[in-house]
Each structure stands twice: as structure tokens, then as C-alpha cells.
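Trainee: One structure coming up, written as C-alpha cells, with questions to follow.
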Amino acid sequence: QVQLVESGGGWVQAGGSLRLSCVASGRTFSRNVMGWFRQAPGKEREFVAADTWNGVNTWYAESVKGRFTIARDNAKNTAYLQMNTLKPEDTAVYYCAAARYALFDFSKWYRDDSYDSWGQGTQVTVSS
């Protein structure tokens, strides 16, 4: 497994931006698929975005396309989620997740059970 630590959450007004970071340790970072999920109060955890180590594959939830961007710095073992034009409905706890690239099911990139490591989460609150 990989140890993941998120940061960068906080409070922002609608239309604002935040950048989340996720620092990984314990497994070669570049061999991970990195994903972001979120969970709002009273709702199930949902997929936000994910990408492969080489950037060949990138996936986004429809609700965030054009507003969020996933990126990574393999040299720093860090994944990022740049969130722009935030909306109140983006309010949630955001989780970073990792999966072994060699074992990843590319047909199930949106499923949380496709990832074997999780961070503790960081709260994002967007006010209207």
C-alpha cells in the first residue's frame, strides 16, 4: 500500500479556486494510478478525477469537467487537484487514492474499490 496525505482544503466563496495536494510514500509513485474522490454529508463517496503516471489516461466526473484539473509531479511524489469555478455543490471531504498501475482495471477507473490506498481526507467548503 501507499501512505497518502492530503492538504489544501479550506473555505472559499463560490467562483473561487483551491488546489489540493496529495503526498505519497511507500510505493514507487510513478507506478500508481492516482485518483480523487469526494464525499458530501449524507451522500456516498463519488469519483472526481484520476490519471495514470504517464498522463496517457485521464478521467473526470462530468460534474467537474472543465473546472477541475488533475496533475502530478512524479519527482515530488505529489498529486494535485486544481479546482476552479467552485460551486456550493462541490462542498465535501476530498480523498486522494492510489492504485497499482500494473493491476489497475482500466474499465473501472470510477470505482472506489479499484484503489487500494486512501488518504485521510481534506474538507472543502464552498459558500454561496
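By convention here, the chains of the C-alpha cells are called A, B, ... in the order presented, each chain's residues are numbered starting at 1, and ligands are numbered starting at 1 in the order presented.
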What lies within 10 Å of range 14-24 of chain A using only C-alpha atoms, ignoring chain neighbours under 2 positions off, as a PyMOL selection string?

Mentor: chain A and resi 2-12+26-29+32+34-36+67-74+76-90+94-98+117-119+121-122+124-128

Trainee: Produce a file of the selected residues containing C-alpha atoms, as an mmCIF file, in the first residue's frame.

Mentor:
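Wrote selection_37.cif, looks like this:
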```
data_model
loop_
_atom_site.group_PDB
_atom_site.id
_atom_site.type_symbol
_atom_site.label_atom_id
_atom_site.label_comp_id
_atom_site.auth_asym_id
_atom_site.auth_seq_id
_atom_site.Cartn_x
_atom_site.Cartn_y
_atom_site.Cartn_z
ATOM 1 C CA VAL A 2 0.820 3.653 -0.252
ATOM 2 C CA GLN A 3 0.602 6.232 2.506
ATOM 3 C CA LEU A 4 -1.245 9.339 1.317
ATOM 4 C CA VAL A 5 -1.551 12.718 2.998
ATOM 5 C CA GLU A 6 -3.837 15.389 1.557
ATOM 6 C CA SER A 7 -3.700 19.110 2.175
ATOM 7 C CA GLY A 8 -5.031 22.316 0.696
ATOM 8 C CA GLY A 9 -8.668 22.139 1.672
ATOM 9 C CA GLY A 10 -10.492 25.071 3.192
ATOM 10 C CA TRP A 11 -13.280 27.543 2.796
ATOM 11 C CA VAL A 12 -13.872 29.517 -0.378
ATOM 12 C CA GLY A 26 5.727 3.731 0.494
ATOM 13 C CA ARG A 27 5.481 2.656 -3.141
ATOM 14 C CA THR A 28 7.085 3.978 -6.291
ATOM 15 C CA PHE A 29 4.833 6.926 -7.019
ATOM 16 C CA ASN A 32 0.451 4.412 -9.291
ATOM 17 C CA MET A 34 -3.795 8.468 -8.692
ATOM 18 C CA GLY A 35 -7.391 9.390 -8.066
ATOM 19 C CA TRP A 36 -9.507 11.929 -6.232
ATOM 20 C CA ARG A 67 -13.384 23.181 -13.895
ATOM 21 C CA PHE A 68 -11.038 20.702 -12.193
ATOM 22 C CA THR A 69 -7.629 19.540 -13.349
ATOM 23 C CA ILE A 70 -5.669 16.593 -12.030
ATOM 24 C CA ALA A 71 -1.902 16.718 -12.227
ATOM 25 C CA ARG A 72 1.136 15.147 -10.648
ATOM 26 C CA ASP A 73 4.801 15.711 -10.038
ATOM 27 C CA ASN A 74 6.433 12.287 -10.009
ATOM 28 C CA LYS A 76 7.933 15.100 -5.689
ATOM 29 C CA ASN A 77 5.659 12.087 -5.190
ATOM 30 C CA THR A 78 2.767 14.504 -5.216
ATOM 31 C CA ALA A 79 -0.605 14.587 -6.942
ATOM 32 C CA TYR A 80 -2.696 17.711 -7.286
ATOM 33 C CA LEU A 81 -6.287 18.621 -7.897
ATOM 34 C CA GLN A 82 -6.731 22.174 -9.151
ATOM 35 C CA MET A 83 -10.319 23.235 -8.580
ATOM 36 C CA ASN A 84 -11.613 26.348 -10.312
ATOM 37 C CA THR A 85 -15.030 27.977 -10.524
ATOM 38 C CA LEU A 86 -16.073 26.184 -7.377
ATOM 39 C CA LYS A 87 -19.744 25.728 -6.621
ATOM 40 C CA PRO A 88 -21.552 25.113 -3.322
ATOM 41 C CA GLU A 89 -22.309 21.584 -4.523
ATOM 42 C CA ASP A 90 -18.560 20.904 -4.576
ATOM 43 C CA TYR A 94 -11.945 15.171 -0.694
ATOM 44 C CA TYR A 95 -9.889 11.988 -0.643
ATOM 45 C CA CYS A 96 -6.760 11.072 -2.521
ATOM 46 C CA ALA A 97 -6.464 7.451 -3.638
ATOM 47 C CA ALA A 98 -3.851 5.266 -5.298
ATOM 48 C CA SER A 117 -4.763 3.169 -0.672
ATOM 49 C CA TRP A 118 -6.531 6.218 0.722
ATOM 50 C CA GLY A 119 -5.672 9.438 2.457
ATOM 51 C CA GLY A 121 -9.363 13.425 3.532
ATOM 52 C CA THR A 122 -9.428 17.206 3.473
ATOM 53 C CA VAL A 124 -13.557 21.725 1.078
ATOM 54 C CA THR A 125 -16.391 24.145 1.825
ATOM 55 C CA VAL A 126 -17.815 26.428 -0.861
ATOM 56 C CA SER A 127 -20.208 29.127 0.267
ATOM 57 C CA SER A 128 -22.775 30.767 -1.975
#
```

Trainee: Name all residues at most 7 Å from Tyr60 in chain A (count only C-alpha atoms; drop same-chain ones fewer than 6 positions away) and give them as a ChimeraX atom specification.

Mentor: /A:48-50

Trainee: Within 6 Å of Ala92 in chain A, counting only C-alpha atoms, which residues show up once you throw out same-chain ones fewer than 3 positions away? Write them as a VMD selection string, please.

Mentor: chain A and resid 38 to 40 124

Trainee: Keeping only N, CA, C and O atoms, write those residues as a tab-separated table (two decimals), in the first residue's frame.

Mentor:
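Heads up, here's the output in part35.tsv:
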```tsv
chain	number	residue	atom	x	y	z
A	38	ARG	N	-14.68	12.31	-3.55
A	38	ARG	CA	-15.22	13.22	-2.55
A	38	ARG	C	-16.49	12.63	-1.95
A	38	ARG	O	-17.17	11.81	-2.56
A	39	GLN	N	-16.78	13.08	-0.74
A	39	GLN	CA	-17.98	12.63	-0.06
A	39	GLN	C	-18.61	13.80	0.64
A	39	GLN	O	-18.01	14.41	1.54
A	40	ALA	N	-19.82	14.12	0.22
A	40	ALA	CA	-20.60	15.18	0.85
A	40	ALA	C	-21.43	14.60	1.99
A	40	ALA	O	-21.72	13.39	1.99
A	124	VAL	N	-13.39	20.58	1.97
A	124	VAL	CA	-13.56	21.73	1.08
A	124	VAL	C	-14.98	22.26	1.28
A	124	VAL	O	-15.94	21.50	1.14
```

Trainee: For each of A:Ser30, A:Ser25, A:Gln13, A:Ser114, take the minimum atom-to-atom distance to Phe47 in chain A, counting only C-alpha atoms, then give the residue where this is smallest.

Mentor: A:Ser114

Trainee: Taking the DSSP secondary structure from the backbone, can you list the residues of range 2-119 of chain A that are strand (DSSP E or B), as a PyMOL selection string?

Mentor: chain A and resi 3-7+10-13+18-25+32-39+46-51+58-60+68-73+78-83+92-100+117-118

Trainee: For the helix (DSSP H, G or I) assignment from backbone DSSP, which residues of chain A qualify? Please present them as a ChimeraX atom specification.

Mentor: /A:29-31,74-76,88-90,101-103,112-114

Trainee: Can you tell me how far CA of Asp105 in chain A sits from CA of Arg45 in chain A, in Å to one decimal?

Mentor: 19.1 Å
